[in-house]
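Chemist: Before anything else, here's the structure in question.
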Amino acid sequence: QVKLVESGGGSVQTGGSLRLSCVASGRTFSVYTGAWFRQAPGKEREFVAAISWSGGGRRSYYTDPVKGRFTISRDNAKNTVYLQMNSLKPEDTAVYYCAADRFGQDGATSSDQYEYWGQGTQVIVSS
């Protein structure tokens, strides 16, 4: 069993930056694929970014709207996955969720492919 706890959300103006953190407890996190999803009001949850587990070479994947602005990374010694978000736009406003899956499929973008989820952290970007 893995418990995920997100932090780092908040309110920023357009063009600002935030760094989200997701701390995992319970198991060796290095064998878990990590990902971030987001859900805006009235919309379905959508994939944002993913990073492969250590055996997969730590490859990262992004949805097109965040490419060049967001960076996903992980520190296995701290059991943590990060999402650095720069040049934020109002359309980035959403609740951001961390997800993980043991030996998960590389580049998985569907929420169905992740077994463990955090409680979410709110990001608000004002114009």
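Naming works like this for the structure tokens: A, B, ... for the chains as they're shown, residue 1 at the start of each chain, ligands 1 onward in shown order.
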With DSSP run on the backbone, what are the strand (DSSP E) residues within chain A? I'd like them as an NGL selection string.

Modeler: :A and (3-7 or 10-13 or 18-25 or 32-39 or 46-51 or 60-62 or 70-75 or 80-85 or 94-102 or 116-117 or 121-126)

Chemist: As a PyMOL selection string, please: the residues near Arg45 of chain A (cut-off 12 Å, only C-alpha atoms, same-chain neighbours under 2 positions excluded).

Modeler: chain A and resi 36-43+47-48+94-99+109-112+120

Chemist: How would the residues just picked look written out with N, CA, C and O atoms as a JSON list (two decimals), in the first residue's frame?

Modeler:
```
[["chain", "number", "residue", "atom", "x", "y", "z"],
["A", 36, "TRP", "N", 1.22, 13.24, -12.60],
["A", 36, "TRP", "CA", 0.34, 14.32, -12.16],
["A", 36, "TRP", "C", -0.82, 14.42, -13.12],
["A", 36, "TRP", "O", -0.64, 14.37, -14.33],
["A", 37, "PHE", "N", -2.00, 14.54, -12.55],
["A", 37, "PHE", "CA", -3.23, 14.80, -13.28],
["A", 37, "PHE", "C", -3.84, 16.08, -12.71],
["A", 37, "PHE", "O", -3.47, 16.53, -11.64],
["A", 38, "ARG", "N", -4.78, 16.65, -13.43],
["A", 38, "ARG", "CA", -5.49, 17.82, -12.92],
["A", 38, "ARG", "C", -6.94, 17.77, -13.33],
["A", 38, "ARG", "O", -7.31, 17.14, -14.32],
["A", 39, "GLN", "N", -7.76, 18.44, -12.53],
["A", 39, "GLN", "CA", -9.19, 18.50, -12.81],
["A", 39, "GLN", "C", -9.68, 19.90, -12.54],
["A", 39, "GLN", "O", -9.64, 20.38, -11.40],
["A", 40, "ALA", "N", -10.14, 20.55, -13.60],
["A", 40, "ALA", "CA", -10.71, 21.89, -13.49],
["A", 40, "ALA", "C", -12.20, 21.78, -13.22],
["A", 40, "ALA", "O", -12.82, 20.74, -13.54],
["A", 41, "PRO", "N", -12.82, 22.81, -12.66],
["A", 41, "PRO", "CA", -14.25, 22.75, -12.36],
["A", 41, "PRO", "C", -15.08, 22.43, -13.60],
["A", 41, "PRO", "O", -14.90, 23.05, -14.65],
["A", 42, "GLY", "N", -15.94, 21.45, -13.49],
["A", 42, "GLY", "CA", -16.81, 21.08, -14.58],
["A", 42, "GLY", "C", -16.17, 20.27, -15.68],
["A", 42, "GLY", "O", -16.80, 20.00, -16.71],
["A", 43, "LYS", "N", -14.91, 19.88, -15.48],
["A", 43, "LYS", "CA", -14.20, 19.13, -16.51],
["A", 43, "LYS", "C", -13.73, 17.79, -15.95],
["A", 43, "LYS", "O", -13.67, 17.58, -14.76],
["A", 47, "PHE", "N", -4.60, 14.09, -17.82],
["A", 47, "PHE", "CA", -3.18, 13.82, -17.63],
["A", 47, "PHE", "C", -2.38, 15.10, -17.81],
["A", 47, "PHE", "O", -2.66, 15.90, -18.71],
["A", 48, "VAL", "N", -1.37, 15.27, -16.96],
["A", 48, "VAL", "CA", -0.47, 16.42, -17.08],
["A", 48, "VAL", "C", 0.95, 15.95, -17.41],
["A", 48, "VAL", "O", 1.54, 16.40, -18.39],
["A", 94, "ALA", "N", -6.74, 24.43, -11.53],
["A", 94, "ALA", "CA", -7.33, 23.10, -11.34],
["A", 94, "ALA", "C", -6.88, 22.54, -10.00],
["A", 94, "ALA", "O", -5.99, 23.10, -9.35],
["A", 95, "VAL", "N", -7.49, 21.44, -9.61],
["A", 95, "VAL", "CA", -6.95, 20.64, -8.52],
["A", 95, "VAL", "C", -5.97, 19.65, -9.14],
["A", 95, "VAL", "O", -6.32, 18.95, -10.10],
["A", 96, "TYR", "N", -4.77, 19.62, -8.62],
["A", 96, "TYR", "CA", -3.73, 18.76, -9.15],
["A", 96, "TYR", "C", -3.58, 17.53, -8.25],
["A", 96, "TYR", "O", -3.46, 17.66, -7.04],
["A", 97, "TYR", "N", -3.58, 16.36, -8.88],
["A", 97, "TYR", "CA", -3.50, 15.10, -8.17],
["A", 97, "TYR", "C", -2.22, 14.36, -8.54],
["A", 97, "TYR", "O", -1.86, 14.27, -9.72],
["A", 98, "CYS", "N", -1.58, 13.80, -7.54],
["A", 98, "CYS", "CA", -0.45, 12.92, -7.75],
["A", 98, "CYS", "C", -0.97, 11.49, -7.87],
["A", 98, "CYS", "O", -1.92, 11.11, -7.17],
["A", 99, "ALA", "N", -0.34, 10.71, -8.74],
["A", 99, "ALA", "CA", -0.72, 9.31, -8.92],
["A", 99, "ALA", "C", 0.51, 8.45, -9.04],
["A", 99, "ALA", "O", 1.58, 8.92, -9.46],
["A", 109, "THR", "N", -1.00, 7.53, -19.67],
["A", 109, "THR", "CA", -1.71, 8.81, -19.59],
["A", 109, "THR", "C", -3.14, 8.69, -19.12],
["A", 109, "THR", "O", -3.83, 9.69, -18.96],
["A", 110, "SER", "N", -3.61, 7.48, -18.92],
["A", 110, "SER", "CA", -4.98, 7.28, -18.46],
["A", 110, "SER", "C", -5.02, 7.11, -16.95],
["A", 110, "SER", "O", -4.19, 6.40, -16.38],
["A", 111, "SER", "N", -6.00, 7.73, -16.31],
["A", 111, "SER", "CA", -6.11, 7.61, -14.86],
["A", 111, "SER", "C", -6.35, 6.17, -14.44],
["A", 111, "SER", "O", -5.97, 5.77, -13.33],
["A", 112, "ASP", "N", -6.93, 5.37, -15.33],
["A", 112, "ASP", "CA", -7.21, 3.97, -15.01],
["A", 112, "ASP", "C", -5.92, 3.16, -14.83],
["A", 112, "ASP", "O", -5.94, 2.06, -14.27],
["A", 120, "GLY", "N", -5.11, 15.65, -3.59],
["A", 120, "GLY", "CA", -5.20, 16.81, -4.47],
["A", 120, "GLY", "C", -4.75, 18.09, -3.80],
["A", 120, "GLY", "O", -4.86, 18.24, -2.58]]
```

Chemist: Do you know which residues are at most 10 Å from Tyr61 of chain A counting only C-alpha atoms, after dropping those on the same chain fewer than 6 positions away, and could you put them as a list in words?

Modeler: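 Selected residues are Ala35, Phe47, Val48, Ala49, Ala50, Ile51, Ser52, Lys67, Thr71, Ile72, Asp106, Gly107, Ala108 and Thr109 of chain A.
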
Chemist: Please, could you write that set of residues out with C-alpha atoms as a short mmCIF file (atom, residue, chain, number, x, y, z; two decimals), in the first residue's frame?

Modeler:
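The resulting file, result.cif, is reproduced below:
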```cif
data_model
loop_
_atom_site.label_atom_id
_atom_site.label_comp_id
_atom_site.auth_asym_id
_atom_site.auth_seq_id
_atom_site.Cartn_x
_atom_site.Cartn_y
_atom_site.Cartn_z
CA ALA A 35 2.34 11.14 -12.53
CA PHE A 47 -3.18 13.82 -17.63
CA VAL A 48 -0.47 16.42 -17.08
CA ALA A 49 2.89 14.65 -16.75
CA ALA A 50 4.47 11.31 -15.89
CA ILE A 51 7.90 10.00 -15.03
CA SER A 52 8.92 6.39 -15.38
CA LYS A 67 5.27 21.17 -22.68
CA THR A 71 8.86 19.79 -15.53
CA ILE A 72 8.29 16.54 -13.67
CA ASP A 106 5.95 3.84 -19.33
CA GLY A 107 4.16 7.00 -20.43
CA ALA A 108 0.76 5.94 -19.14
CA THR A 109 -1.71 8.81 -19.59
#
```

Chemist: With a distance cut-off of 10 Å and only C-alpha atoms, select the neighbouring residues of segment 21-29 of chain A, excluding the residue or stretch itself and same-chain residues fewer than 5 positions from it, and output the selection as a short mmCIF file (atom, residue, chain, number, x, y, z; two decimals) with all heavy atoms, in the first residue's frame.

Modeler:
```
data_model
loop_
_atom_site.label_atom_id
_atom_site.label_comp_id
_atom_site.auth_asym_id
_atom_site.auth_seq_id
_atom_site.Cartn_x
_atom_site.Cartn_y
_atom_site.Cartn_z
N GLN A 1 0.85 -1.19 0.00
CA GLN A 1 0.00 0.00 0.00
C GLN A 1 0.89 1.25 0.00
O GLN A 1 1.89 1.30 0.71
CB GLN A 1 -0.89 0.01 1.24
CG GLN A 1 -1.95 1.08 1.24
CD GLN A 1 -3.09 0.77 0.30
OE1 GLN A 1 -3.23 -0.35 -0.18
NE2 GLN A 1 -3.91 1.76 0.01
N VAL A 2 0.52 2.24 -0.79
CA VAL A 2 1.26 3.49 -0.88
C VAL A 2 0.30 4.63 -0.57
O VAL A 2 -0.81 4.68 -1.10
CB VAL A 2 1.86 3.69 -2.29
CG1 VAL A 2 2.44 5.08 -2.43
CG2 VAL A 2 2.93 2.64 -2.56
N LYS A 3 0.73 5.53 0.27
CA LYS A 3 -0.05 6.75 0.54
C LYS A 3 0.68 7.93 -0.07
O LYS A 3 1.89 8.08 0.12
CB LYS A 3 -0.21 6.97 2.04
CG LYS A 3 -1.03 8.20 2.40
CD LYS A 3 -1.17 8.35 3.90
CE LYS A 3 -1.99 9.59 4.26
NZ LYS A 3 -2.11 9.77 5.72
N LEU A 4 -0.06 8.75 -0.82
CA LEU A 4 0.51 9.90 -1.49
C LEU A 4 -0.05 11.18 -0.89
O LEU A 4 -1.27 11.29 -0.72
CB LEU A 4 0.20 9.86 -2.99
CG LEU A 4 0.62 8.61 -3.74
CD1 LEU A 4 0.15 8.67 -5.19
CD2 LEU A 4 2.13 8.42 -3.69
N VAL A 5 0.81 12.14 -0.60
CA VAL A 5 0.39 13.41 -0.03
C VAL A 5 1.00 14.54 -0.86
O VAL A 5 2.22 14.66 -0.93
CB VAL A 5 0.81 13.55 1.44
CG1 VAL A 5 0.37 14.90 1.98
CG2 VAL A 5 0.21 12.41 2.26
N GLU A 6 0.13 15.35 -1.45
CA GLU A 6 0.58 16.48 -2.26
C GLU A 6 0.67 17.74 -1.42
O GLU A 6 -0.04 17.90 -0.42
CB GLU A 6 -0.37 16.77 -3.43
CG GLU A 6 -0.62 15.63 -4.37
CD GLU A 6 -1.94 14.96 -4.10
OE1 GLU A 6 -2.37 14.94 -2.93
OE2 GLU A 6 -2.56 14.43 -5.05
N SER A 7 1.51 18.66 -1.87
CA SER A 7 1.60 19.99 -1.27
C SER A 7 2.15 20.94 -2.31
O SER A 7 2.62 20.51 -3.38
CB SER A 7 2.50 19.97 -0.03
OG SER A 7 3.82 19.60 -0.38
N GLY A 8 2.09 22.23 -2.01
CA GLY A 8 2.69 23.22 -2.89
C GLY A 8 1.72 24.02 -3.72
O GLY A 8 2.13 24.94 -4.43
N GLY A 9 0.45 23.69 -3.67
CA GLY A 9 -0.52 24.45 -4.42
C GLY A 9 -0.71 25.85 -3.83
O GLY A 9 -0.22 26.15 -2.75
N GLY A 34 5.46 7.64 -11.46
CA GLY A 34 4.77 8.77 -10.85
C GLY A 34 4.14 9.66 -11.91
O GLY A 34 4.65 9.75 -13.02
N ALA A 35 3.04 10.29 -11.56
CA ALA A 35 2.34 11.14 -12.53
C ALA A 35 1.56 12.24 -11.83
O ALA A 35 1.28 12.15 -10.63
CB ALA A 35 1.40 10.31 -13.39
N TRP A 36 1.22 13.24 -12.60
CA TRP A 36 0.34 14.32 -12.16
C TRP A 36 -0.82 14.42 -13.12
O TRP A 36 -0.64 14.37 -14.33
CB TRP A 36 1.08 15.65 -12.11
CG TRP A 36 2.10 15.73 -11.02
CD1 TRP A 36 3.43 15.45 -11.10
CD2 TRP A 36 1.87 16.14 -9.66
NE1 TRP A 36 4.04 15.64 -9.90
CE2 TRP A 36 3.10 16.07 -8.99
CE3 TRP A 36 0.74 16.56 -8.94
CZ2 TRP A 36 3.25 16.39 -7.65
CZ3 TRP A 36 0.88 16.88 -7.61
CH2 TRP A 36 2.13 16.79 -6.97
N TRP A 53 9.45 4.77 -13.67
CA TRP A 53 10.16 4.31 -12.49
C TRP A 53 11.64 4.15 -12.83
O TRP A 53 12.02 4.21 -14.00
CB TRP A 53 9.56 3.02 -11.96
CG TRP A 53 9.57 1.87 -12.91
CD1 TRP A 53 8.78 1.69 -14.00
CD2 TRP A 53 10.41 0.72 -12.84
NE1 TRP A 53 9.08 0.52 -14.62
CE2 TRP A 53 10.07 -0.11 -13.92
CE3 TRP A 53 11.40 0.31 -11.96
CZ2 TRP A 53 10.69 -1.32 -14.14
CZ3 TRP A 53 12.02 -0.90 -12.18
CH2 TRP A 53 11.67 -1.70 -13.27
N SER A 54 12.47 4.00 -11.83
CA SER A 54 13.91 4.09 -12.03
C SER A 54 14.43 3.10 -13.04
O SER A 54 15.32 3.40 -13.82
CB SER A 54 14.62 3.90 -10.69
OG SER A 54 14.29 4.95 -9.83
N ILE A 72 8.49 17.56 -14.70
CA ILE A 72 8.29 16.54 -13.67
C ILE A 72 9.65 15.94 -13.33
O ILE A 72 10.50 15.73 -14.21
CB ILE A 72 7.29 15.46 -14.12
CG1 ILE A 72 6.92 14.54 -12.96
CG2 ILE A 72 7.82 14.68 -15.32
CD1 ILE A 72 5.77 13.58 -13.26
N SER A 73 9.86 15.67 -12.05
CA SER A 73 11.12 15.06 -11.62
C SER A 73 10.83 14.22 -10.38
O SER A 73 9.73 14.28 -9.81
CB SER A 73 12.17 16.13 -11.32
OG SER A 73 11.73 16.99 -10.28
N ARG A 74 11.83 13.43 -9.98
CA ARG A 74 11.64 12.62 -8.79
C ARG A 74 12.95 12.51 -8.02
O ARG A 74 14.03 12.58 -8.59
CB ARG A 74 11.13 11.22 -9.17
CG ARG A 74 12.10 10.37 -9.96
CD ARG A 74 11.41 9.12 -10.48
NE ARG A 74 10.87 8.31 -9.40
CZ ARG A 74 9.88 7.42 -9.56
NH1 ARG A 74 9.34 7.23 -10.74
NH2 ARG A 74 9.46 6.72 -8.52
N ASP A 75 12.81 12.36 -6.72
CA ASP A 75 13.94 12.12 -5.83
C ASP A 75 13.59 10.88 -5.02
O ASP A 75 12.84 10.96 -4.05
CB ASP A 75 14.16 13.34 -4.92
CG ASP A 75 15.39 13.19 -4.04
OD1 ASP A 75 15.85 12.05 -3.82
OD2 ASP A 75 15.88 14.21 -3.53
N ASN A 76 14.11 9.74 -5.45
CA ASN A 76 13.74 8.49 -4.81
C ASN A 76 14.23 8.41 -3.36
O ASN A 76 13.63 7.73 -2.54
CB ASN A 76 14.25 7.31 -5.61
CG ASN A 76 13.50 7.14 -6.92
OD1 ASN A 76 12.33 7.50 -7.03
ND2 ASN A 76 14.19 6.60 -7.92
N ALA A 77 15.33 9.10 -3.06
CA ALA A 77 15.82 9.10 -1.68
C ALA A 77 14.83 9.76 -0.73
O ALA A 77 14.80 9.45 0.46
CB ALA A 77 17.17 9.82 -1.62
N LYS A 78 14.02 10.67 -1.28
CA LYS A 78 13.01 11.36 -0.48
C LYS A 78 11.60 10.85 -0.77
O LYS A 78 10.64 11.42 -0.27
CB LYS A 78 13.08 12.87 -0.75
CG LYS A 78 14.39 13.51 -0.34
CD LYS A 78 14.36 15.01 -0.61
CE LYS A 78 15.67 15.66 -0.15
NZ LYS A 78 15.68 17.12 -0.41
N ASN A 79 11.50 9.80 -1.60
CA ASN A 79 10.18 9.26 -1.96
C ASN A 79 9.26 10.35 -2.48
O ASN A 79 8.07 10.40 -2.12
CB ASN A 79 9.54 8.56 -0.76
CG ASN A 79 9.99 7.13 -0.62
OD1 ASN A 79 10.96 6.71 -1.24
ND2 ASN A 79 9.32 6.36 0.22
N THR A 80 9.77 11.22 -3.32
CA THR A 80 9.03 12.40 -3.73
C THR A 80 9.07 12.59 -5.25
O THR A 80 10.11 12.38 -5.87
CB THR A 80 9.59 13.66 -3.05
OG1 THR A 80 9.53 13.49 -1.63
CG2 THR A 80 8.79 14.90 -3.43
N VAL A 81 7.92 12.98 -5.78
CA VAL A 81 7.82 13.41 -7.17
C VAL A 81 7.43 14.88 -7.17
O VAL A 81 6.59 15.31 -6.37
CB VAL A 81 6.76 12.60 -7.94
CG1 VAL A 81 6.55 13.17 -9.34
CG2 VAL A 81 7.18 11.14 -8.04
N TYR A 82 8.06 15.64 -8.04
CA TYR A 82 7.81 17.08 -8.11
C TYR A 82 7.18 17.45 -9.45
O TYR A 82 7.37 16.77 -10.46
CB TYR A 82 9.12 17.86 -7.97
CG TYR A 82 9.87 17.58 -6.70
CD1 TYR A 82 10.94 16.67 -6.69
CD2 TYR A 82 9.54 18.21 -5.50
CE1 TYR A 82 11.64 16.40 -5.52
CE2 TYR A 82 10.24 17.96 -4.33
CZ TYR A 82 11.29 17.06 -4.35
OH TYR A 82 11.98 16.80 -3.19
N LEU A 83 6.48 18.57 -9.46
CA LEU A 83 6.01 19.18 -10.69
C LEU A 83 6.33 20.66 -10.60
O LEU A 83 5.67 21.39 -9.87
CB LEU A 83 4.52 18.96 -10.91
CG LEU A 83 4.00 19.47 -12.25
CD1 LEU A 83 4.57 18.62 -13.39
CD2 LEU A 83 2.47 19.45 -12.31
N GLN A 84 7.35 21.08 -11.34
CA GLN A 84 7.70 22.49 -11.42
C GLN A 84 6.86 23.13 -12.52
O GLN A 84 6.92 22.68 -13.67
CB GLN A 84 9.18 22.65 -11.73
CG GLN A 84 9.62 24.10 -11.89
CD GLN A 84 9.52 24.91 -10.60
OE1 GLN A 84 9.93 24.42 -9.55
NE2 GLN A 84 8.99 26.11 -10.68
N TYR A 97 -3.58 16.36 -8.88
CA TYR A 97 -3.50 15.10 -8.17
C TYR A 97 -2.22 14.36 -8.54
O TYR A 97 -1.86 14.27 -9.72
CB TYR A 97 -4.69 14.20 -8.51
CG TYR A 97 -6.02 14.75 -8.10
CD1 TYR A 97 -6.76 15.56 -8.96
CD2 TYR A 97 -6.56 14.46 -6.84
CE1 TYR A 97 -7.99 16.07 -8.57
CE2 TYR A 97 -7.79 14.97 -6.45
CZ TYR A 97 -8.50 15.77 -7.33
OH TYR A 97 -9.72 16.26 -6.95
N CYS A 98 -1.58 13.80 -7.54
CA CYS A 98 -0.45 12.92 -7.75
C CYS A 98 -0.97 11.49 -7.87
O CYS A 98 -1.92 11.11 -7.17
CB CYS A 98 0.50 13.05 -6.56
SG CYS A 98 1.92 11.96 -6.59
N ALA A 99 -0.34 10.71 -8.74
CA ALA A 99 -0.72 9.31 -8.92
C ALA A 99 0.51 8.45 -9.04
O ALA A 99 1.58 8.92 -9.46
CB ALA A 99 -1.60 9.16 -10.16
N ALA A 100 0.38 7.17 -8.69
CA ALA A 100 1.52 6.26 -8.78
C ALA A 100 1.03 4.85 -9.09
O ALA A 100 -0.09 4.47 -8.77
CB ALA A 100 2.30 6.26 -7.47
N ASP A 101 1.91 4.11 -9.74
CA ASP A 101 1.59 2.72 -10.06
C ASP A 101 2.87 1.91 -10.03
O ASP A 101 3.88 2.31 -10.65
CB ASP A 101 0.93 2.64 -11.44
CG ASP A 101 0.26 1.29 -11.64
OD1 ASP A 101 -0.71 1.02 -10.93
OD2 ASP A 101 0.72 0.52 -12.49
N ARG A 102 2.84 0.78 -9.33
CA ARG A 102 4.04 -0.05 -9.16
C ARG A 102 4.43 -0.68 -10.49
O ARG A 102 3.59 -1.32 -11.12
CB ARG A 102 3.79 -1.12 -8.11
CG ARG A 102 5.03 -1.86 -7.67
CD ARG A 102 4.73 -2.67 -6.42
NE ARG A 102 5.92 -3.33 -5.90
CZ ARG A 102 6.27 -4.56 -6.19
NH1 ARG A 102 5.52 -5.29 -7.00
NH2 ARG A 102 7.36 -5.07 -5.67
N PHE A 103 5.66 -0.48 -10.89
CA PHE A 103 6.16 -0.94 -12.19
C PHE A 103 5.20 -0.52 -13.30
O PHE A 103 4.91 -1.29 -14.22
CB PHE A 103 6.33 -2.46 -12.19
CG PHE A 103 7.35 -2.94 -11.21
CD1 PHE A 103 6.98 -3.83 -10.19
CD2 PHE A 103 8.66 -2.55 -11.29
CE1 PHE A 103 7.93 -4.28 -9.28
CE2 PHE A 103 9.62 -3.00 -10.38
CZ PHE A 103 9.23 -3.87 -9.38
N TYR A 116 -2.67 4.29 -7.20
CA TYR A 116 -2.64 5.10 -5.98
C TYR A 116 -2.78 6.59 -6.31
O TYR A 116 -2.19 7.07 -7.29
CB TYR A 116 -1.34 4.84 -5.20
CG TYR A 116 -1.17 3.41 -4.81
CD1 TYR A 116 -0.31 2.57 -5.52
CD2 TYR A 116 -1.88 2.88 -3.75
CE1 TYR A 116 -0.17 1.24 -5.18
CE2 TYR A 116 -1.74 1.55 -3.39
CZ TYR A 116 -0.88 0.74 -4.11
OH TYR A 116 -0.75 -0.58 -3.76
N TRP A 117 -3.53 7.27 -5.46
CA TRP A 117 -3.82 8.68 -5.69
C TRP A 117 -3.68 9.48 -4.41
O TRP A 117 -3.99 8.98 -3.31
CB TRP A 117 -5.24 8.85 -6.23
CG TRP A 117 -5.39 8.30 -7.61
CD1 TRP A 117 -5.63 7.01 -7.97
CD2 TRP A 117 -5.27 9.04 -8.83
NE1 TRP A 117 -5.68 6.90 -9.34
CE2 TRP A 117 -5.46 8.13 -9.89
CE3 TRP A 117 -5.04 10.38 -9.14
CZ2 TRP A 117 -5.43 8.52 -11.22
CZ3 TRP A 117 -5.00 10.76 -10.46
CH2 TRP A 117 -5.18 9.84 -11.49
N GLY A 118 -3.26 10.74 -4.57
CA GLY A 118 -3.27 11.67 -3.45
C GLY A 118 -4.61 12.37 -3.34
O GLY A 118 -5.51 12.12 -4.15
N GLY A 120 -5.11 15.65 -3.59
CA GLY A 120 -5.20 16.81 -4.47
C GLY A 120 -4.75 18.09 -3.80
O GLY A 120 -4.86 18.24 -2.58
N THR A 121 -4.24 19.01 -4.60
CA THR A 121 -3.86 20.33 -4.13
C THR A 121 -4.33 21.37 -5.15
O THR A 121 -4.17 21.18 -6.35
CB THR A 121 -2.34 20.42 -3.88
OG1 THR A 121 -2.01 21.68 -3.30
CG2 THR A 121 -1.53 20.22 -5.16
#
```
